[in-house]
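Coordinates as given in run.pdb (PDB, C-alpha atoms and all ligand atoms):
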ATOM      1  CA  MET A   1      73.867  32.067  83.617  1.00  0.00           C
ATOM      2  CA  PHE A   2      73.045  32.338  79.938  1.00  0.00           C
ATOM      3  CA  ARG A   3      73.671  35.679  78.251  1.00  0.00           C
ATOM      4  CA  GLY A   4      72.143  36.079  74.820  1.00  0.00           C
ATOM      5  CA  THR A   5      73.691  39.515  74.334  1.00  0.00           C
ATOM      6  CA  ASP A   6      77.202  38.020  74.296  1.00  0.00           C
ATOM      7  CA  ILE A   7      78.833  37.296  70.962  1.00  0.00           C
ATOM      8  CA  PRO A   8      78.732  34.361  70.714  1.00  0.00           C
ATOM      9  CA  PRO A   9      75.853  33.765  73.137  1.00  0.00           C
ATOM     10  CA  THR A  10      77.413  32.180  76.208  1.00  0.00           C
ATOM     11  CA  ILE A  11      76.553  30.091  79.257  1.00  0.00           C
ATOM     12  CA  TRP A  12      78.620  31.385  82.173  1.00  0.00           C
ATOM     13  CA  ILE A  13      79.544  29.144  85.083  1.00  0.00           C
ATOM     14  CA  ARG A  14      80.523  30.858  88.327  1.00  0.00           C
ATOM     15  CA  ARG A  15      83.852  29.819  89.769  1.00  0.00           C
ATOM     16  CA  GLY A  16      83.653  28.458  93.287  1.00  0.00           C
ATOM     17  CA  ARG A  17      79.965  27.706  93.048  1.00  0.00           C
ATOM     18  CA  ARG A  18      78.522  24.220  92.940  1.00  0.00           C
ATOM     19  CA  THR A  19      77.201  23.776  89.432  1.00  0.00           C
ATOM     20  CA  THR A  20      74.734  20.927  89.375  1.00  0.00           C
ATOM     21  CA  ASP A  21      73.373  18.957  86.444  1.00  0.00           C
ATOM     22  CA  LEU A  22      70.064  20.774  86.954  1.00  0.00           C
ATOM     23  CA  VAL A  23      71.737  24.190  86.831  1.00  0.00           C
ATOM     24  CA  LEU A  24      73.464  23.251  83.566  1.00  0.00           C
ATOM     25  CA  PHE A  25      70.227  21.872  82.139  1.00  0.00           C
ATOM     26  CA  HIS A  26      68.415  25.071  83.173  1.00  0.00           C
ATOM     27  CA  GLU A  27      70.945  27.334  81.446  1.00  0.00           C
ATOM     28  CA  THR A  28      71.076  25.088  78.377  1.00  0.00           C
ATOM     29  CA  MET A  29      67.303  25.407  78.037  1.00  0.00           C
ATOM     30  CA  HIS A  30      67.652  29.202  78.050  1.00  0.00           C
ATOM     31  CA  PHE A  31      70.137  28.767  75.218  1.00  0.00           C
ATOM     32  CA  GLU A  32      67.715  26.461  73.395  1.00  0.00           C
ATOM     33  CA  ASP A  33      64.955  29.065  73.807  1.00  0.00           C
ATOM     34  CA  PHE A  34      67.315  31.683  72.363  1.00  0.00           C
ATOM     35  CA  LEU A  35      68.084  29.472  69.341  1.00  0.00           C
ATOM     36  CA  ARG A  36      64.453  28.520  68.861  1.00  0.00           C
ATOM     37  CA  ARG A  37      63.069  32.061  68.967  1.00  0.00           C
ATOM     38  CA  GLY A  38      66.019  33.894  67.470  1.00  0.00           C
ATOM     39  CA  LYS A  39      68.159  36.567  69.054  1.00  0.00           C
ATOM     40  CA  GLU A  40      65.911  39.554  68.338  1.00  0.00           C
ATOM     41  CA  ASN A  41      62.812  37.906  69.712  1.00  0.00           C
ATOM     42  CA  TYR A  42      64.639  36.470  72.717  1.00  0.00           C
ATOM     43  CA  LEU A  43      66.152  39.808  73.691  1.00  0.00           C
ATOM     44  CA  ARG A  44      63.016  41.874  73.075  1.00  0.00           C
ATOM     45  CA  GLY A  45      61.679  43.631  76.142  1.00  0.00           C
ATOM     46  CA  GLY A  46      65.061  44.143  77.769  1.00  0.00           C
ATOM     47  CA  THR A  47      67.380  47.077  78.293  1.00  0.00           C
ATOM     48  CA  ARG A  48      69.785  47.258  75.402  1.00  0.00           C
ATOM     49  CA  ARG A  49      72.755  49.206  74.131  1.00  0.00           C
ATOM     50  CA  LEU A  50      72.602  50.781  70.692  1.00  0.00           C
ATOM     51  CA  LYS A  51      75.553  50.812  68.286  1.00  0.00           C
ATOM     52  CA  ASN A  52      76.246  54.448  69.249  1.00  0.00           C
ATOM     53  CA  GLY A  53      76.587  53.378  72.875  1.00  0.00           C
ATOM     54  CA  ARG A  54      73.269  54.805  74.056  1.00  0.00           C
ATOM     55  CA  ILE A  55      71.329  52.629  76.450  1.00  0.00           C
ATOM     56  CA  VAL A  56      67.650  52.090  75.785  1.00  0.00           C
ATOM     57  CA  GLU A  57      65.745  51.392  78.968  1.00  0.00           C
ATOM     58  CA  VAL A  58      62.489  49.481  78.931  1.00  0.00           C
ATOM     59  CA  PRO A  59      59.712  49.616  81.539  1.00  0.00           C
ATOM     60  CA  LYS A  60      60.205  47.238  84.490  1.00  0.00           C
ATOM     61  CA  ARG A  61      56.922  45.633  83.505  1.00  0.00           C
ATOM     62  CA  ASP A  62      58.320  44.598  80.111  1.00  0.00           C
ATOM     63  CA  GLU A  63      61.426  43.130  81.739  1.00  0.00           C
ATOM     64  CA  LEU A  64      59.237  41.205  84.148  1.00  0.00           C
ATOM     65  CA  ILE A  65      57.144  39.752  81.328  1.00  0.00           C
ATOM     66  CA  ARG A  66      60.252  38.809  79.399  1.00  0.00           C
ATOM     67  CA  SER A  67      61.800  37.052  82.395  1.00  0.00           C
ATOM     68  CA  TYR A  68      58.534  35.317  83.217  1.00  0.00           C
ATOM     69  CA  LEU A  69      58.299  33.852  79.707  1.00  0.00           C
ATOM     70  CA  ARG A  70      61.919  32.718  79.699  1.00  0.00           C
ATOM     71  CA  GLU A  71      61.715  31.057  83.090  1.00  0.00           C
ATOM     72  CA  LYS A  72      58.363  29.470  82.329  1.00  0.00           C
ATOM     73  CA  TYR A  73      59.848  27.877  79.212  1.00  0.00           C
ATOM     74  CA  VAL A  74      62.764  26.496  81.216  1.00  0.00           C
ATOM     75  CA  LEU A  75      60.611  25.187  84.079  1.00  0.00           C
ATOM     76  CA  GLU A  76      58.359  23.372  81.616  1.00  0.00           C
ATOM     77  CA  LYS A  77      61.429  21.756  80.031  1.00  0.00           C
ATOM     78  CA  VAL A  78      62.741  20.697  83.449  1.00  0.00           C
ATOM     79  CA  LEU A  79      59.407  19.123  84.392  1.00  0.00           C
ATOM     80  CA  GLU A  80      59.142  17.447  80.985  1.00  0.00           C
ATOM     81  CA  GLU A  81      62.650  16.003  81.297  1.00  0.00           C
ATOM     82  CA  GLN A  82      61.922  14.747  84.804  1.00  0.00           C
ATOM     83  CA  ALA A  83      58.695  13.079  83.628  1.00  0.00           C
ATOM     84  CA  ASN A  84      60.523  11.452  80.703  1.00  0.00           C
ATOM     85  CA  TRP A  85      63.110   9.999  83.062  1.00  0.00           C
ATOM     86  CA  VAL A  86      60.480   8.663  85.419  1.00  0.00           C
ATOM     87  CA  GLU A  87      58.776   7.012  82.479  1.00  0.00           C
ATOM     88  CA  LYS A  88      61.956   5.582  80.924  1.00  0.00           C
ATOM     89  CA  PHE A  89      64.078   4.767  83.958  1.00  0.00           C
ATOM     90  CA  GLY A  90      61.581   4.513  86.792  1.00  0.00           C
ATOM     91  CA  LYS A  91      63.202   7.445  88.590  1.00  0.00           C
ATOM     92  CA  GLY A  92      63.697  11.117  87.952  1.00  0.00           C
ATOM     93  CA  ARG A  93      66.892  12.719  86.662  1.00  0.00           C
ATOM     94  CA  TRP A  94      66.856  15.078  89.647  1.00  0.00           C
ATOM     95  CA  ALA A  95      65.943  14.780  93.320  1.00  0.00           C
ATOM     96  CA  ASP A  96      62.469  15.850  94.412  1.00  0.00           C
ATOM     97  CA  GLU A  97      63.994  18.720  96.416  1.00  0.00           C
ATOM     98  CA  GLU A  98      65.695  20.060  93.282  1.00  0.00           C
ATOM     99  CA  ILE A  99      62.427  19.959  91.368  1.00  0.00           C
ATOM    100  CA  GLU A 100      60.664  21.646  94.257  1.00  0.00           C
ATOM    101  CA  ALA A 101      63.348  24.349  94.324  1.00  0.00           C
ATOM    102  CA  SER A 102      62.898  24.919  90.576  1.00  0.00           C
ATOM    103  CA  ILE A 103      59.154  25.327  90.980  1.00  0.00           C
ATOM    104  CA  ASN A 104      59.576  27.680  93.963  1.00  0.00           C
ATOM    105  CA  TYR A 105      62.158  29.719  92.072  1.00  0.00           C
ATOM    106  CA  PHE A 106      59.754  30.242  89.180  1.00  0.00           C
ATOM    107  CA  TYR A 107      56.761  31.104  91.341  1.00  0.00           C
ATOM    108  CA  ASN A 108      58.513  33.288  93.904  1.00  0.00           C
ATOM    109  CA  ASP A 109      60.843  35.157  91.575  1.00  0.00           C
ATOM    110  CA  TYR A 110      58.611  35.526  88.502  1.00  0.00           C
ATOM    111  CA  TYR A 111      55.023  34.349  88.722  1.00  0.00           C
ATOM    112  CA  PHE A 112      54.044  36.166  91.944  1.00  0.00           C
ATOM    113  CA  LYS A 113      55.965  39.279  90.898  1.00  0.00           C
ATOM    114  CA  CYS A 114      53.877  39.401  87.730  1.00  0.00           C
ATOM    115  CA  LEU A 115      50.687  39.049  89.742  1.00  0.00           C
ATOM    116  CA  LYS A 116      51.817  41.846  92.060  1.00  0.00           C
ATOM    117  CA  ALA A 117      52.430  44.069  89.025  1.00  0.00           C
ATOM    118  CA  ASN A 118      48.908  43.263  87.798  1.00  0.00           C
ATOM    119  CA  ILE A 119      50.200  41.370  84.788  1.00  0.00           C
ATOM    120  CA  ASP A 120      47.661  38.852  83.569  1.00  0.00           C
ATOM    121  CA  VAL A 121      49.949  35.849  83.104  1.00  0.00           C
ATOM    122  CA  THR A 122      47.149  33.847  81.455  1.00  0.00           C
ATOM    123  CA  LYS A 123      47.510  36.229  78.497  1.00  0.00           C
ATOM    124  CA  LEU A 124      51.271  35.662  78.202  1.00  0.00           C
ATOM    125  CA  ILE A 125      51.946  33.082  75.552  1.00  0.00           C
ATOM    126  CA  LEU A 126      55.403  32.142  74.373  1.00  0.00           C
ATOM    127  CA  LYS A 127      55.601  31.659  70.627  1.00  0.00           C
TER     128      LYS A 127
HETATM  129 ZN    ZN B   1      66.677  30.894  84.335  1.00  0.00          ZN
END

Using structure tokens, write down the structure that the file contains.
Amino acid sequence: MFRGTDIPPTIWIRRGRRTTDLVLFHETMHFEDFLRRGKENYLRGGTRRLKNGRIVEVPKRDELIRSYLREKYVLEKVLEEQANWVEKFGKGRWADEEIEASINYFYNDYYFKCLKANIDVTKLILK
């Protein structure tokens, strides 16, 4: 798990859990997205704590959009990396089942949730 609110921003690996190359790549791409967009932009749309300790809540809808954009960025990077490997080495970096799981994760946990919340994902563009 990548947490951009940590100082410094940190990728956390859970003890006792199998951490695969794909999981590490996934989290590293979140970190890349954070670096590319900048902290403020990356964290926008999420619940945050002010310096005085007060917690600012944001609508669920905003959190959903934020997560959708983050995960979409990562999935595109995963698919791009896989395609590059196929082109260069004649086989993918990850197994087909892992790629399938990544796609399902994005659609089930983010894409369809946006549709259910009547969010027009075609209008969501990551800058
Ligand atoms: Zn993710």

query = Do you have the CA of Lys51 (chain A)-CA of Arg70 (chain A) distance handy?
reply =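 Value for the CA of Lys51 (chain A)-CA of Arg70 (chain A) distance: 25.4 Å.
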
key: Spatial neighbours of region 24-33 of chain A, 12 Å, only C-alpha atoms, chain gap at least 2 places, as a ChimeraX atom specification   = /A:1-6,8-14,18-22,35-43,67,69-82,93-94,98-99,102,105-106,126-127

Dump as a PDB file, in the coordinates of the input, selection limited to C-alpha atoms:
ATOM      1  CA  MET A   1      73.867  32.067  83.617  1.00  0.00           C
ATOM      2  CA  PHE A   2      73.045  32.338  79.938  1.00  0.00           C
ATOM      3  CA  ARG A   3      73.671  35.679  78.251  1.00  0.00           C
ATOM      4  CA  GLY A   4      72.143  36.079  74.820  1.00  0.00           C
ATOM      5  CA  THR A   5      73.691  39.515  74.334  1.00  0.00           C
ATOM      6  CA  ASP A   6      77.202  38.020  74.296  1.00  0.00           C
ATOM      7  CA  PRO A   8      78.732  34.361  70.714  1.00  0.00           C
ATOM      8  CA  PRO A   9      75.853  33.765  73.137  1.00  0.00           C
ATOM      9  CA  THR A  10      77.413  32.180  76.208  1.00  0.00           C
ATOM     10  CA  ILE A  11      76.553  30.091  79.257  1.00  0.00           C
ATOM     11  CA  TRP A  12      78.620  31.385  82.173  1.00  0.00           C
ATOM     12  CA  ILE A  13      79.544  29.144  85.083  1.00  0.00           C
ATOM     13  CA  ARG A  14      80.523  30.858  88.327  1.00  0.00           C
ATOM     14  CA  ARG A  18      78.522  24.220  92.940  1.00  0.00           C
ATOM     15  CA  THR A  19      77.201  23.776  89.432  1.00  0.00           C
ATOM     16  CA  THR A  20      74.734  20.927  89.375  1.00  0.00           C
ATOM     17  CA  ASP A  21      73.373  18.957  86.444  1.00  0.00           C
ATOM     18  CA  LEU A  22      70.064  20.774  86.954  1.00  0.00           C
ATOM     19  CA  LEU A  35      68.084  29.472  69.341  1.00  0.00           C
ATOM     20  CA  ARG A  36      64.453  28.520  68.861  1.00  0.00           C
ATOM     21  CA  ARG A  37      63.069  32.061  68.967  1.00  0.00           C
ATOM     22  CA  GLY A  38      66.019  33.894  67.470  1.00  0.00           C
ATOM     23  CA  LYS A  39      68.159  36.567  69.054  1.00  0.00           C
ATOM     24  CA  GLU A  40      65.911  39.554  68.338  1.00  0.00           C
ATOM     25  CA  ASN A  41      62.812  37.906  69.712  1.00  0.00           C
ATOM     26  CA  TYR A  42      64.639  36.470  72.717  1.00  0.00           C
ATOM     27  CA  LEU A  43      66.152  39.808  73.691  1.00  0.00           C
ATOM     28  CA  SER A  67      61.800  37.052  82.395  1.00  0.00           C
ATOM     29  CA  LEU A  69      58.299  33.852  79.707  1.00  0.00           C
ATOM     30  CA  ARG A  70      61.919  32.718  79.699  1.00  0.00           C
ATOM     31  CA  GLU A  71      61.715  31.057  83.090  1.00  0.00           C
ATOM     32  CA  LYS A  72      58.363  29.470  82.329  1.00  0.00           C
ATOM     33  CA  TYR A  73      59.848  27.877  79.212  1.00  0.00           C
ATOM     34  CA  VAL A  74      62.764  26.496  81.216  1.00  0.00           C
ATOM     35  CA  LEU A  75      60.611  25.187  84.079  1.00  0.00           C
ATOM     36  CA  GLU A  76      58.359  23.372  81.616  1.00  0.00           C
ATOM     37  CA  LYS A  77      61.429  21.756  80.031  1.00  0.00           C
ATOM     38  CA  VAL A  78      62.741  20.697  83.449  1.00  0.00           C
ATOM     39  CA  LEU A  79      59.407  19.123  84.392  1.00  0.00           C
ATOM     40  CA  GLU A  80      59.142  17.447  80.985  1.00  0.00           C
ATOM     41  CA  GLU A  81      62.650  16.003  81.297  1.00  0.00           C
ATOM     42  CA  GLN A  82      61.922  14.747  84.804  1.00  0.00           C
ATOM     43  CA  ARG A  93      66.892  12.719  86.662  1.00  0.00           C
ATOM     44  CA  TRP A  94      66.856  15.078  89.647  1.00  0.00           C
ATOM     45  CA  GLU A  98      65.695  20.060  93.282  1.00  0.00           C
ATOM     46  CA  ILE A  99      62.427  19.959  91.368  1.00  0.00           C
ATOM     47  CA  SER A 102      62.898  24.919  90.576  1.00  0.00           C
ATOM     48  CA  TYR A 105      62.158  29.719  92.072  1.00  0.00           C
ATOM     49  CA  PHE A 106      59.754  30.242  89.180  1.00  0.00           C
ATOM     50  CA  LEU A 126      55.403  32.142  74.373  1.00  0.00           C
ATOM     51  CA  LYS A 127      55.601  31.659  70.627  1.00  0.00           C
TER      52      LYS A 127
END

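Using the PyMOL selection byres (((chain A and resi 117) around 12) and not hetatm) on the file at hand returns these residues: Pro59, Lys60, Arg61, Asp62, Glu63, Leu64, Ile65, Tyr110, Tyr111, Phe112, Lys113, Cys114, Leu115, Lys116, Asn118, Ile119, Asp120 and Val121 of chain A.
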
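The two atoms in question, CA of Ala83 (chain A) and CA of Asp109 (chain A), are spaced 23.6 Å apart.
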
inquiry  = My list of candidates is A:Arg66, A:Asn84, A:Val58, A:Thr122. Which is closest to ligand ZN 1 (chain B) when distances are computed with only C-alpha atoms and all ligand atoms?
reply    =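 For ligand ZN 1 (chain B), the nearest of the candidates is A:Arg66.
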
inquiry  = When you count only C-alpha atoms and all ligand atoms, which of these residues is closest to ligand ZN 1 (chain B): A:Ile103, A:Ile7, A:Val86, A:Ile125?
reply    =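 With only C-alpha atoms and all ligand atoms as the atom set, the closest residue is A:Ile103.
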
Padding of 3 Å on every side, edges along x, y and z, all listed atoms of region 5-18 of chain A included: what centre and edge lengths in Å, to one decimal, does that box have, as AutoDock Vina command-line options?
--center_x 78.8 --center_y 31.9 --center_z 82.0 --size_x 16.2 --size_y 21.3 --size_z 28.6

From the coordinates supplied, region 8-122 of chain A should be written with C-alpha atoms, as a compact mmCIF listing (two decimals), in the first residue's frame.
# COMPACT_ATOMS: atom_id res chain seq x y z
CA PRO A 8 8.11 10.80 3.60
CA PRO A 9 5.53 9.18 1.31
CA THR A 10 5.85 5.45 1.89
CA ILE A 11 5.06 2.10 0.29
CA TRP A 12 3.97 -0.28 3.05
CA ILE A 13 4.41 -4.02 2.71
CA ARG A 14 2.24 -6.21 4.93
CA ARG A 15 4.11 -8.75 7.01
CA GLY A 16 3.02 -12.32 6.44
CA ARG A 17 1.43 -11.55 3.10
CA ARG A 18 2.80 -12.74 -0.21
CA THR A 19 4.11 -9.65 -1.93
CA THR A 20 4.45 -10.32 -5.63
CA ASP A 21 6.39 -8.43 -8.27
CA LEU A 22 3.04 -7.18 -9.61
CA VAL A 23 1.97 -5.89 -6.19
CA LEU A 24 5.26 -3.99 -5.85
CA PHE A 25 4.94 -2.63 -9.38
CA HIS A 26 1.36 -1.55 -8.64
CA GLU A 27 2.34 0.34 -5.48
CA THR A 28 5.39 1.86 -7.17
CA MET A 29 3.14 3.23 -9.91
CA HIS A 30 0.99 4.92 -7.26
CA PHE A 31 4.19 6.50 -5.97
CA GLU A 32 5.13 7.56 -9.50
CA ASP A 33 1.67 9.12 -9.94
CA PHE A 34 2.19 10.98 -6.65
CA LEU A 35 5.57 12.32 -7.82
CA ARG A 36 4.27 13.18 -11.27
CA ARG A 37 1.20 15.09 -10.10
CA GLY A 38 2.58 16.49 -6.86
CA LYS A 39 1.36 15.87 -3.34
CA GLU A 40 -1.45 18.44 -3.28
CA ASN A 41 -2.96 17.27 -6.53
CA TYR A 42 -2.54 13.60 -5.66
CA LEU A 43 -4.23 13.96 -2.28
CA ARG A 44 -7.04 16.23 -3.47
CA GLY A 45 -10.51 14.79 -3.02
CA GLY A 46 -9.67 12.81 0.10
CA THR A 47 -10.39 13.17 3.79
CA ARG A 48 -7.59 15.10 5.40
CA ARG A 49 -6.39 16.36 8.75
CA LEU A 50 -5.68 20.05 9.20
CA LYS A 51 -2.72 21.37 11.19
CA ASN A 52 -5.06 22.09 14.13
CA GLY A 53 -6.07 18.43 14.16
CA ARG A 54 -9.53 18.92 12.65
CA ILE A 55 -10.56 16.35 10.09
CA VAL A 56 -12.05 17.58 6.84
CA GLU A 57 -14.38 15.02 5.33
CA VAL A 58 -15.10 14.97 1.62
CA PRO A 59 -18.17 13.51 -0.11
CA LYS A 60 -17.93 9.77 -0.86
CA ARG A 61 -18.36 10.67 -4.51
CA ASP A 62 -15.14 12.71 -4.50
CA GLU A 63 -13.23 9.87 -2.84
CA LEU A 64 -14.58 7.47 -5.43
CA ILE A 65 -13.45 9.70 -8.30
CA ARG A 66 -10.04 10.12 -6.74
CA SER A 67 -9.58 6.37 -6.29
CA TYR A 68 -10.85 5.67 -9.79
CA LEU A 69 -8.27 8.02 -11.32
CA ARG A 70 -5.43 6.59 -9.25
CA GLU A 71 -6.27 2.99 -10.04
CA LYS A 72 -6.87 3.72 -13.70
CA TYR A 73 -3.39 5.25 -13.94
CA VAL A 74 -1.85 2.18 -12.32
CA LEU A 75 -3.79 -0.33 -14.45
CA GLU A 76 -2.72 1.47 -17.62
CA LYS A 77 0.92 1.29 -16.47
CA VAL A 78 0.58 -2.43 -15.71
CA LEU A 79 -0.90 -3.14 -19.15
CA GLU A 80 1.75 -0.97 -20.82
CA GLU A 81 4.55 -2.79 -18.99
CA GLN A 82 3.09 -6.17 -19.91
CA ALA A 83 2.83 -5.15 -23.58
CA ASN A 84 6.43 -3.89 -23.56
CA TRP A 85 7.64 -7.21 -22.20
CA VAL A 86 5.70 -9.18 -24.77
CA GLU A 87 7.24 -7.04 -27.47
CA LYS A 88 10.80 -7.19 -26.12
CA PHE A 89 10.99 -10.67 -24.63
CA GLY A 90 8.21 -12.57 -26.36
CA LYS A 91 6.42 -13.12 -23.05
CA GLY A 92 4.76 -10.98 -20.44
CA ARG A 93 6.32 -9.93 -17.14
CA TRP A 94 3.29 -11.34 -15.32
CA ALA A 95 1.04 -14.37 -15.76
CA ASP A 96 -2.23 -13.93 -17.62
CA GLU A 97 -4.15 -14.66 -14.40
CA GLU A 98 -2.36 -11.79 -12.64
CA ILE A 99 -3.24 -9.41 -15.45
CA GLU A 100 -6.82 -10.63 -15.39
CA ALA A 101 -6.95 -10.08 -11.62
CA SER A 102 -5.63 -6.53 -12.07
CA ILE A 103 -8.30 -5.75 -14.64
CA ASN A 104 -11.05 -7.28 -12.47
CA TYR A 105 -9.82 -5.36 -9.44
CA PHE A 106 -10.07 -2.06 -11.31
CA TYR A 107 -13.48 -2.75 -12.80
CA ASN A 108 -15.13 -4.33 -9.77
CA ASP A 109 -13.71 -2.06 -7.09
CA TYR A 110 -13.67 1.27 -8.95
CA TYR A 111 -15.17 1.43 -12.42
CA PHE A 112 -18.54 -0.21 -11.64
CA LYS A 113 -18.80 1.66 -8.33
CA CYS A 114 -18.47 4.92 -10.25
CA LEU A 115 -21.17 3.84 -12.67
CA LYS A 116 -23.44 2.91 -9.76
CA ALA A 117 -22.89 6.37 -8.27
CA ASN A 118 -23.83 7.91 -11.63
CA ILE A 119 -20.34 9.25 -12.20
CA ASP A 120 -19.64 9.73 -15.88
CA VAL A 121 -16.19 8.15 -16.06
CA THR A 122 -15.75 9.31 -19.68
